[in-house]
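Note: the block below is upload_22.txt and it holds compact mmCIF, C-alpha atoms.
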# COMPACT_ATOMS: atom_id res chain seq x y z
CA THR S 1 -96.63 66.21 -55.45
CA GLU S 2 -97.52 63.13 -57.48
CA THR S 3 -99.22 61.71 -54.37
CA TYR S 4 -102.15 64.10 -54.80
CA ILE S 5 -102.96 63.11 -58.35
CA SER S 6 -102.05 59.40 -58.46
CA LEU S 7 -104.78 57.06 -57.23
CA GLY S 8 -103.47 54.36 -54.92
CA LEU S 9 -100.12 56.07 -54.36
CA SER S 10 -99.17 56.44 -50.68
CA THR S 11 -96.05 57.16 -48.63
CA LYS S 12 -97.50 55.53 -45.47
CA ARG S 13 -97.64 51.84 -46.28
CA ASN S 14 -94.89 50.79 -43.87
CA THR S 15 -96.50 51.94 -40.61
CA ASN S 16 -99.58 51.17 -38.50
CA LYS S 17 -99.30 54.55 -36.77
CA MET S 18 -100.84 56.62 -39.59
CA ILE S 19 -103.93 56.59 -41.72
CA GLY S 20 -103.63 57.13 -45.45
CA ALA S 21 -102.06 53.89 -46.60
CA PHE S 22 -104.70 53.30 -49.28
CA GLY S 23 -103.61 56.31 -51.34
CA ILE S 24 -107.18 57.53 -51.83
CA GLY S 25 -107.97 59.94 -49.00
CA CYS S 26 -105.95 62.91 -50.25
CA LYS S 27 -107.83 62.69 -53.54
CA SER S 28 -111.24 62.56 -51.83
CA ALA S 29 -111.82 66.30 -52.37
CA PHE S 30 -112.40 65.46 -56.05
CA ALA S 31 -115.57 63.61 -55.00
CA TYR S 32 -117.00 67.00 -54.04
CA THR S 33 -115.31 69.51 -56.33
CA ASP S 34 -113.34 69.66 -59.56
CA SER S 35 -110.56 71.77 -58.04
CA PHE S 36 -109.03 72.70 -54.68
CA ASN S 37 -105.94 74.46 -53.37
CA ILE S 38 -102.92 72.95 -51.60
CA THR S 39 -100.37 74.96 -49.60
CA SER S 40 -97.26 73.22 -48.31
CA TRP S 41 -94.65 74.61 -45.92
CA PHE S 42 -91.35 72.73 -46.02
CA GLU S 43 -87.75 73.61 -45.15
CA GLY S 44 -88.20 77.40 -45.29
CA LYS S 45 -90.39 77.47 -48.39
CA ARG S 46 -94.12 77.83 -48.99
CA TYR S 47 -95.43 76.03 -52.07
CA THR S 48 -98.91 76.71 -53.47
CA TYR S 49 -100.70 74.44 -55.96
CA THR S 50 -104.11 73.99 -57.49
CA ALA S 51 -105.26 70.40 -57.91
CA GLN S 52 -107.90 69.98 -60.60
CA LYS S 53 -109.34 67.76 -63.30
CA ASP S 54 -108.40 68.62 -66.86
CA GLU S 55 -110.78 68.47 -69.82
CA THR S 56 -110.30 64.69 -70.09
CA GLY S 57 -111.00 64.10 -66.40
CA LYS S 58 -107.34 63.43 -65.58
CA LEU S 59 -106.08 64.73 -62.23
CA VAL S 60 -103.41 67.43 -62.56
CA LEU S 61 -101.42 69.53 -60.09
CA ILE S 62 -100.65 73.10 -61.19
CA PRO S 63 -97.83 75.00 -59.37
CA ILE S 64 -98.96 78.53 -58.45
CA ALA S 65 -96.16 80.03 -56.37
CA THR S 66 -93.05 79.28 -54.30
CA ILE S 67 -91.87 81.82 -51.73
CA ASP S 68 -89.60 81.93 -48.69
CA SER S 69 -91.28 81.25 -45.34
CA ASP S 70 -90.27 81.02 -41.68
CA GLU S 71 -93.36 79.00 -40.72
CA PRO S 72 -93.04 75.38 -39.50
CA SER S 73 -93.53 72.49 -41.90
CA GLY S 74 -97.13 71.55 -42.56
CA ILE S 75 -99.84 71.36 -45.18
CA GLU S 76 -103.19 73.05 -45.80
CA ILE S 77 -105.96 71.77 -48.07
CA ALA S 78 -108.54 74.45 -48.92
CA ILE S 79 -111.90 73.40 -50.36
CA SER S 80 -114.79 75.77 -51.11
CA ILE S 81 -118.02 74.41 -49.60
CA HIS S 82 -121.56 75.43 -50.48
CA ASN S 83 -123.47 77.00 -47.56
CA ASP S 84 -126.17 74.34 -47.81
CA ASP S 85 -123.57 71.61 -47.23
CA ILE S 86 -121.90 73.04 -44.10
CA LYS S 87 -124.24 71.32 -41.61
CA GLY S 88 -123.73 67.94 -43.30
CA PHE S 89 -119.95 68.41 -43.37
CA ASN S 90 -119.90 69.26 -39.66
CA SER S 91 -121.93 66.17 -38.80
CA LYS S 92 -119.70 63.82 -40.79
CA LEU S 93 -116.54 65.49 -39.50
CA SER S 94 -117.69 65.17 -35.91
CA THR S 95 -118.43 61.45 -36.31
CA PHE S 96 -115.11 60.72 -38.00
CA CYS S 97 -112.76 62.87 -35.91
CA LYS S 98 -113.96 61.73 -32.50
CA TYR S 99 -111.95 58.52 -32.94
CA LEU S 100 -108.67 60.24 -33.83
CA ASP S 101 -105.90 60.35 -31.27
CA PRO S 102 -105.16 63.13 -30.71
CA ILE S 103 -108.34 64.89 -31.84
CA PRO S 104 -107.40 67.76 -34.20
CA ASP S 105 -107.60 71.39 -33.14
CA PHE S 106 -110.26 73.27 -35.09
CA VAL S 107 -110.42 76.96 -35.97
CA GLY S 108 -113.64 78.69 -34.94
CA GLU S 109 -116.53 77.37 -32.84
CA PHE S 110 -116.57 73.84 -34.25
CA LYS S 111 -115.49 71.31 -31.64
CA VAL S 112 -115.27 67.53 -31.37
CA ASP S 113 -115.38 65.87 -27.96
CA ALA S 114 -113.59 62.58 -27.44
CA PRO S 115 -116.03 59.80 -26.50
CA GLU S 116 -115.83 58.62 -22.89
CA LYS S 117 -114.45 55.11 -22.67
CA LEU S 118 -115.64 52.61 -20.09
CA ILE S 119 -112.82 50.13 -20.71
CA GLU S 120 -109.75 50.18 -22.95
CA THR S 121 -107.20 47.41 -23.36
CA GLU S 122 -104.64 46.41 -25.97
CA ASN S 123 -107.29 44.76 -28.17
CA PHE S 124 -110.46 46.80 -27.75
CA PHE S 125 -112.30 49.66 -26.08
CA ILE S 126 -115.93 50.10 -25.03
CA LEU S 127 -117.68 53.45 -24.87
CA LYS S 128 -119.76 54.38 -21.86
CA ASN S 129 -123.40 53.46 -22.47
CA ASP S 130 -126.18 55.08 -20.45
CA ASN S 131 -128.94 53.34 -22.36
CA ASP S 132 -131.21 50.61 -21.05
CA ARG S 133 -129.15 47.48 -20.47
CA TYR S 134 -132.03 45.33 -21.73
CA ASN S 135 -131.38 46.65 -25.22
CA TYR S 136 -129.85 43.64 -26.97
CA THR S 137 -128.82 45.45 -30.14
CA SER S 138 -125.24 44.57 -31.01
CA SER S 139 -122.97 47.41 -32.12
CA VAL S 140 -119.47 46.15 -32.75
CA TYR S 141 -116.84 47.85 -34.89
CA ALA S 142 -113.48 46.98 -36.38
CA PHE S 143 -111.21 49.89 -35.43
CA MET S 144 -108.34 50.12 -37.90
CA GLY S 145 -106.27 53.11 -38.96
CA ASN S 146 -108.35 55.38 -36.68
CA VAL S 147 -111.48 54.46 -38.65
CA ALA S 148 -114.42 52.48 -37.22
CA TYR S 149 -115.96 49.93 -39.61
CA PRO S 150 -119.28 48.33 -38.48
CA ILE S 151 -119.07 44.55 -38.07
CA ASP S 152 -122.03 42.65 -39.51
CA ILE S 153 -122.37 39.83 -36.96
CA TYR S 154 -124.53 37.83 -39.37
CA GLN S 155 -121.53 37.44 -41.64
CA LEU S 156 -119.95 35.27 -38.96
CA LYS S 157 -122.58 32.54 -39.47
CA ASN S 158 -122.91 30.16 -36.53
CA ASN S 159 -120.26 32.02 -34.59
CA LYS S 160 -122.17 35.30 -34.40
CA SER S 161 -123.47 34.54 -30.89
CA SER S 162 -119.94 35.04 -29.57
CA ILE S 163 -120.28 38.81 -30.05
CA ASN S 164 -124.04 39.18 -29.65
CA TYR S 165 -123.53 40.53 -26.14
CA LEU S 166 -121.15 43.33 -27.14
CA ARG S 167 -122.44 46.89 -27.45
CA ASP S 168 -120.48 50.04 -28.27
CA CYS S 169 -117.40 47.83 -28.62
CA TYR S 170 -114.50 48.77 -30.89
CA ILE S 171 -112.09 45.94 -31.71
CA LYS S 172 -108.57 47.10 -32.57
CA PHE S 173 -106.85 45.77 -35.69
CA ASP S 174 -103.53 46.62 -37.30
CA LEU S 175 -103.71 47.95 -40.83
CA GLY S 176 -104.23 45.04 -43.21
CA GLU S 177 -105.32 42.62 -40.48
CA VAL S 178 -108.89 42.67 -41.85
CA SER S 179 -109.92 43.36 -45.45
CA ILE S 180 -111.75 46.50 -46.59
CA SER S 181 -114.20 46.68 -49.49
CA PRO S 182 -113.13 48.56 -52.64
CA ASP S 183 -115.21 51.61 -51.63
CA ARG S 184 -113.27 51.73 -48.32
CA GLU S 185 -116.55 52.15 -46.40
CA LYS S 186 -117.01 48.67 -44.91
CA LEU S 187 -115.34 45.35 -44.23
CA GLU S 188 -114.94 42.67 -46.84
CA TYR S 189 -115.84 39.36 -45.18
CA THR S 190 -113.15 37.04 -46.46
CA GLU S 191 -112.48 33.88 -44.47
CA GLU S 192 -109.31 35.51 -43.13
CA THR S 193 -111.23 38.58 -41.97
CA LYS S 194 -113.91 36.53 -40.23
CA GLN S 195 -111.32 34.42 -38.45
CA ALA S 196 -109.36 37.51 -37.38
CA ILE S 197 -112.53 38.92 -35.79
CA LEU S 198 -113.30 35.69 -33.95
CA ASN S 199 -109.74 35.41 -32.69
CA LYS S 200 -109.97 38.90 -31.22
CA ILE S 201 -113.29 38.07 -29.52
CA ASP S 202 -111.62 35.26 -27.60
CA LEU S 203 -108.96 37.69 -26.34
CA ILE S 204 -111.55 40.33 -25.48
CA LYS S 205 -113.56 38.06 -23.19
CA ASP S 206 -110.56 37.56 -20.91
CA GLU S 207 -109.50 41.21 -21.11
CA ILE S 208 -112.95 42.46 -20.06
CA VAL S 209 -112.85 40.44 -16.86
CA SER S 210 -109.23 41.38 -16.14
CA SER S 211 -109.79 45.10 -16.77
CA THR S 212 -112.94 45.17 -14.62
CA GLN S 213 -111.18 43.40 -11.75
CA LYS S 214 -108.39 46.00 -11.86
CA GLN S 215 -110.98 48.74 -11.40
CA ILE S 216 -112.48 46.84 -8.47
CA ASP S 217 -109.04 46.35 -6.90
CA SER S 218 -108.58 50.13 -6.82
CA CYS S 219 -111.79 50.62 -4.80
CA SER S 220 -111.50 51.50 -1.12
CA ASN S 221 -115.11 50.65 -0.29
CA ILE S 222 -117.56 48.03 -1.51
CA LEU S 223 -120.07 50.75 -2.41
CA GLN S 224 -117.63 51.86 -5.11
CA VAL S 225 -117.59 48.35 -6.56
CA PHE S 226 -121.27 47.94 -7.41
CA PRO S 227 -121.48 50.84 -9.90
CA ILE S 228 -118.41 49.48 -11.71
CA ILE S 229 -119.94 46.03 -12.15
CA LYS S 230 -123.30 47.50 -13.13
CA GLU S 231 -121.78 49.84 -15.71
CA VAL S 232 -119.67 47.12 -17.30
CA ARG S 233 -122.61 44.73 -17.44
CA ASN S 234 -124.73 47.45 -19.08
CA SER S 235 -122.50 47.08 -22.14
CA PHE S 236 -123.19 43.35 -22.43
CA ASN S 237 -126.05 40.92 -22.82
CA LEU S 238 -127.20 39.89 -19.33
CA ASP S 239 -127.16 36.23 -20.34
CA SER S 240 -123.41 36.31 -20.89
CA ASN S 241 -121.63 33.82 -18.64
CA ASP S 242 -118.41 35.65 -19.37
CA LEU S 243 -119.55 38.50 -17.10
CA ARG S 244 -121.23 36.59 -14.29
CA VAL S 245 -120.68 38.24 -10.93
CA SER S 246 -118.66 35.34 -9.51
CA LYS S 247 -115.88 36.27 -11.94
CA PHE S 248 -115.04 39.19 -9.62
CA SER S 249 -113.81 39.54 -6.06
CA PHE S 250 -113.34 42.28 -3.48
CA ARG S 251 -110.64 42.07 -0.83
CA GLY S 252 -110.04 38.44 -1.65
CA THR S 253 -113.69 37.34 -1.38
CA THR S 254 -115.74 36.32 -4.41
CA ILE S 255 -118.80 38.50 -5.04
CA GLU S 256 -121.89 36.30 -5.30
CA ASN S 257 -125.46 36.86 -6.46
CA LYS S 258 -126.91 35.51 -3.21
CA HIS S 259 -125.40 38.23 -1.16
CA VAL S 260 -128.20 40.97 -1.00
CA PRO S 261 -130.14 44.07 -1.80
CA ILE S 262 -127.88 46.57 -3.58
CA PHE S 263 -127.67 45.55 -7.24
CA GLY S 264 -128.37 41.98 -6.14
CA TYR S 265 -125.39 41.68 -3.80
CA THR S 266 -124.88 41.99 -0.04
CA ILE S 267 -122.48 44.15 1.81
CA LYS S 268 -120.38 41.83 3.89
CA LYS S 269 -119.44 43.17 7.30
CA ASN S 270 -115.73 43.28 6.49
CA TRP S 271 -116.42 45.20 3.25
CA ARG S 272 -118.16 48.21 4.83
CA ASN S 273 -115.07 50.35 5.39

Would you write out, as structure tokens, the structure that this file holds?
Amino acid sequence: TETYISLGLSTKRNTNKMIGAFGIGCKSAFAYTDSFNITSWFEGKRYTYTAQKDETGKLVLIPIATIDSDEPSGIEIAISIHNDDIKGFNSKLSTFCKYLDPIPDFVGEFKVDAPEKLIETENFFILKNDNDRYNYTSSVYAFMGNVAYPIDIYQLKNNKSSINYLRDCYIKFDLGEVSISPDREKLEYTEETKQAILNKIDLIKDEIVSSTQKQIDSCSNILQVFPIIKEVRNSFNLDSNDLRVSKFSFRGTTIENKHVPIFGYTIKKNWRN
């Protein structure tokens, strides 16, 4: 019970499989309200508490009731929300929960759809992007503890060009691998954090090519190959040498720009069936 009223206290510091290691999230309800209710089911008992701030502003947990229960273990946090705030809560919840794996089940009509991924490897994933591929805006995130933190490429100084071509890219980090600012909303750009990002970029370049080639290898017809290459390239700056067409092959033959009409390539005779 002390976990809910002690800032910085967490029981999840020894794993990268769970969020909550900072010991702040379960107290976040106090940013919106001065009191909320907690119900815990554990080993045949149901415990009910009210968490609130006392007259000095100190966080306290008040036991309300303990009764027998045959329900499975679990926990419920109940917060009263003003009607005017419901739309904003839904928007924020949708943005946050879409990255969770698995996505939680919600009661009622509210629903969160998992984003469709174009590529996913051990070190990163890229969301499908149907926007104009000539849009050079970089959108790269550090994905740690199921939370996506935007990466400010300008913090990487002269090395920022190495990720300029990435869009809708989420780079995976273990908890603690990059530093988070005290407000837990963004990265803190220490030298260690910047180097960790750059190290991952080097791995990602090779993984993108390898992952794309695996998709091509599963194709039975060359016409299935072109959309794959086009879609992957849509997520990158067209000037990137790391995604030049000659990086890929179909049935043992390198795909070259000179080949012809469809997407800038030709259909070789032996590729047609």

Checklist entry - Quick one, how far is CA of Ile38 (chain S) from CA of Leu93 (chain S)? => result 19.7 Å

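Using only C-alpha atoms, the residues found no farther than 9 Å from region 100-108 of chain S, other than those of its own chain fewer than 6 positions away, are Ala114, Asn146 and Val147 of chain S.
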
Item to check | Contacts of region 31-37 of chain S within 7 Å, all atoms listed in the file, excl. fewer than 2 positions in-chain, as a PyMOL selection string | outcome: chain S and resi 28-29+39+49-53+77-79

Checklist entry - How many Å separate CA of Ser73 (chain S) from CA of Cys26 (chain S)? => result 17.8 Å

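Among the candidates S:Glu185, S:Ile119, S:Phe124, S:Phe173, the residue lying nearest to Ile229 (chain S) is S:Ile119 (atoms considered: all atoms listed in the file).
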
Item to check | Closest of S:Glu177, S:Asp217, S:Asp85, S:Glu109 to Met144 (chain S) - atom-to-atom distances counting only C-alpha atoms | outcome: S:Glu177

Item to check | d(CA of Thr95 (chain S), CA of Arg184 (chain S)) in Å | outcome: 16.3 Å

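Using only C-alpha atoms, the shortest contact distance between Tyr170 (chain S) and any of S:Glu191, S:Asp68, S:Glu55, S:Glu120 is found at S:Glu120.
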
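All residues of protein, DNA or RNA that reach within 10 Å of Thr121 (chain S), judged by only C-alpha atoms and not counting those fewer than 3 positions away in the chain, are Phe124, Phe125, Ile126, Ile171, Lys172, Ile204, Glu207, Ile208, Ser210 and Ser211 of chain S.
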
Next on the checklist: Show me the residues around (-120.5, 49.9, -28.7) - criterion: an atom at most 7 Å away, only C-alpha atoms counted - as a list of chain:residue names.
Outcome noted: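 Every residue inside that radius is included here: S:Ile126, S:Leu127, S:Ser139, S:Val140, S:Leu166, S:Arg167, S:Asp168, S:Cys169, S:Tyr170.
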
Checklist entry - Pick the closest to Thr253 (chain S) from S:Ile216, S:Trp41, S:Gly88, S:Ala65: which is it, counting only C-alpha atoms? => result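 The answer is S:Ile216, which sits nearest to Thr253 (chain S).
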
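For the residues S:Ile64, S:Val209, S:Val178, S:Ile75, ranking by smallest atom-to-atom distance to Gln195 (chain S) using all atoms listed in the file places S:Val178 first.
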
Next on the checklist: Under the rule that only C-alpha atoms are counted, which of S:Gly145, S:Ser181, S:Glu192, S:Asp206 is the nearest residue to Lys247 (chain S)?
Outcome noted: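 The shortest atom-to-atom distance to Lys247 (chain S) comes from S:Asp206.
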
For Phe42 (chain S), please output as a compact mmCIF listing (two decimals) with C-alpha atoms, keeping the file's coordinate frame all residues within 12 Å (counting all atoms listed in the file; exclusion window: fewer than 6 positions along the same chain).
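around_26.txt was written with the following content:
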# COMPACT_ATOMS: atom_id res chain seq x y z
CA THR S 48 -98.91 76.71 -53.47
CA THR S 66 -93.05 79.28 -54.30
CA ILE S 67 -91.87 81.82 -51.73
CA ASP S 68 -89.60 81.93 -48.69
CA SER S 69 -91.28 81.25 -45.34
CA ASP S 70 -90.27 81.02 -41.68
CA GLU S 71 -93.36 79.00 -40.72
CA PRO S 72 -93.04 75.38 -39.50
CA SER S 73 -93.53 72.49 -41.90
CA GLY S 74 -97.13 71.55 -42.56
CA ILE S 75 -99.84 71.36 -45.18
CA GLU S 76 -103.19 73.05 -45.80

Reconstruct N, CA, C and O atoms of region 209-235 of chain S; output as a short mmCIF file (atom, residue, chain, number, x, y, z; two decimals), keeping the file's coordinate frame.
data_model
loop_
_atom_site.label_atom_id
_atom_site.label_comp_id
_atom_site.auth_asym_id
_atom_site.auth_seq_id
_atom_site.Cartn_x
_atom_site.Cartn_y
_atom_site.Cartn_z
N VAL S 209 -112.85 40.87 -18.26
CA VAL S 209 -112.85 40.44 -16.86
C VAL S 209 -111.63 41.00 -16.14
O VAL S 209 -111.73 41.53 -15.03
N SER S 210 -110.46 40.90 -16.75
CA SER S 210 -109.23 41.38 -16.14
C SER S 210 -109.26 42.88 -15.89
O SER S 210 -108.89 43.37 -14.81
N SER S 211 -109.74 43.65 -16.89
CA SER S 211 -109.79 45.10 -16.77
C SER S 211 -110.78 45.53 -15.69
O SER S 211 -110.51 46.45 -14.91
N THR S 212 -111.93 44.85 -15.63
CA THR S 212 -112.94 45.17 -14.62
C THR S 212 -112.42 44.89 -13.22
O THR S 212 -112.62 45.67 -12.29
N GLN S 213 -111.72 43.75 -13.06
CA GLN S 213 -111.18 43.40 -11.75
C GLN S 213 -110.15 44.43 -11.29
O GLN S 213 -110.07 44.76 -10.11
N LYS S 214 -109.37 44.97 -12.22
CA LYS S 214 -108.39 46.00 -11.86
C LYS S 214 -109.08 47.24 -11.31
O LYS S 214 -108.59 47.87 -10.37
N GLN S 215 -110.22 47.60 -11.91
CA GLN S 215 -110.98 48.74 -11.40
C GLN S 215 -111.50 48.46 -9.99
O GLN S 215 -111.47 49.32 -9.12
N ILE S 216 -111.97 47.24 -9.78
CA ILE S 216 -112.48 46.84 -8.47
C ILE S 216 -111.36 46.85 -7.43
O ILE S 216 -111.55 47.30 -6.29
N ASP S 217 -110.18 46.39 -7.81
CA ASP S 217 -109.04 46.35 -6.90
C ASP S 217 -108.64 47.73 -6.41
O ASP S 217 -108.03 47.88 -5.34
N SER S 218 -108.95 48.76 -7.21
CA SER S 218 -108.58 50.13 -6.82
C SER S 218 -109.62 50.76 -5.89
O SER S 218 -109.41 51.88 -5.40
N CYS S 219 -110.73 50.08 -5.65
CA CYS S 219 -111.79 50.62 -4.80
C CYS S 219 -111.40 50.51 -3.33
O CYS S 219 -110.82 49.52 -2.89
N SER S 220 -111.76 51.52 -2.56
CA SER S 220 -111.50 51.50 -1.12
C SER S 220 -112.71 51.06 -0.32
O SER S 220 -112.60 50.77 0.87
N ASN S 221 -113.88 51.00 -0.98
CA ASN S 221 -115.11 50.65 -0.29
C ASN S 221 -115.99 49.85 -1.23
O ASN S 221 -116.02 50.10 -2.44
N ILE S 222 -116.72 48.88 -0.69
CA ILE S 222 -117.56 48.03 -1.51
C ILE S 222 -118.62 48.81 -2.28
O ILE S 222 -119.04 48.43 -3.37
N LEU S 223 -119.05 49.95 -1.72
CA LEU S 223 -120.07 50.75 -2.41
C LEU S 223 -119.55 51.32 -3.72
O LEU S 223 -120.32 51.70 -4.59
N GLN S 224 -118.23 51.39 -3.85
CA GLN S 224 -117.63 51.86 -5.11
C GLN S 224 -117.59 50.74 -6.15
O GLN S 224 -117.47 51.01 -7.34
N VAL S 225 -117.71 49.50 -5.67
CA VAL S 225 -117.59 48.35 -6.56
C VAL S 225 -118.86 48.14 -7.38
O VAL S 225 -118.80 47.88 -8.59
N PHE S 226 -120.01 48.27 -6.74
CA PHE S 226 -121.27 47.94 -7.41
C PHE S 226 -121.51 48.75 -8.68
O PHE S 226 -121.90 48.20 -9.71
N PRO S 227 -121.29 50.08 -8.66
CA PRO S 227 -121.48 50.84 -9.90
C PRO S 227 -120.56 50.39 -11.03
O PRO S 227 -120.94 50.43 -12.20
N ILE S 228 -119.34 49.96 -10.68
CA ILE S 228 -118.41 49.48 -11.71
C ILE S 228 -118.96 48.24 -12.39
O ILE S 228 -119.02 48.14 -13.62
N ILE S 229 -119.39 47.27 -11.59
CA ILE S 229 -119.94 46.03 -12.15
C ILE S 229 -121.19 46.32 -12.96
O ILE S 229 -121.36 45.82 -14.07
N LYS S 230 -122.05 47.17 -12.43
CA LYS S 230 -123.30 47.50 -13.13
C LYS S 230 -123.01 48.15 -14.48
O LYS S 230 -123.59 47.80 -15.50
N GLU S 231 -122.07 49.10 -14.48
CA GLU S 231 -121.78 49.84 -15.71
C GLU S 231 -121.17 48.93 -16.77
O GLU S 231 -121.49 49.03 -17.95
N VAL S 232 -120.26 48.05 -16.35
CA VAL S 232 -119.67 47.12 -17.30
C VAL S 232 -120.72 46.18 -17.85
O VAL S 232 -120.80 45.94 -19.07
N ARG S 233 -121.59 45.67 -16.99
CA ARG S 233 -122.61 44.73 -17.44
C ARG S 233 -123.63 45.41 -18.35
O ARG S 233 -124.25 44.77 -19.19
N ASN S 234 -123.81 46.72 -18.20
CA ASN S 234 -124.73 47.45 -19.08
C ASN S 234 -124.29 47.42 -20.53
O ASN S 234 -125.09 47.67 -21.43
N SER S 235 -123.02 47.13 -20.77
CA SER S 235 -122.50 47.08 -22.14
C SER S 235 -122.55 45.68 -22.72
O SER S 235 -122.07 45.44 -23.81
#
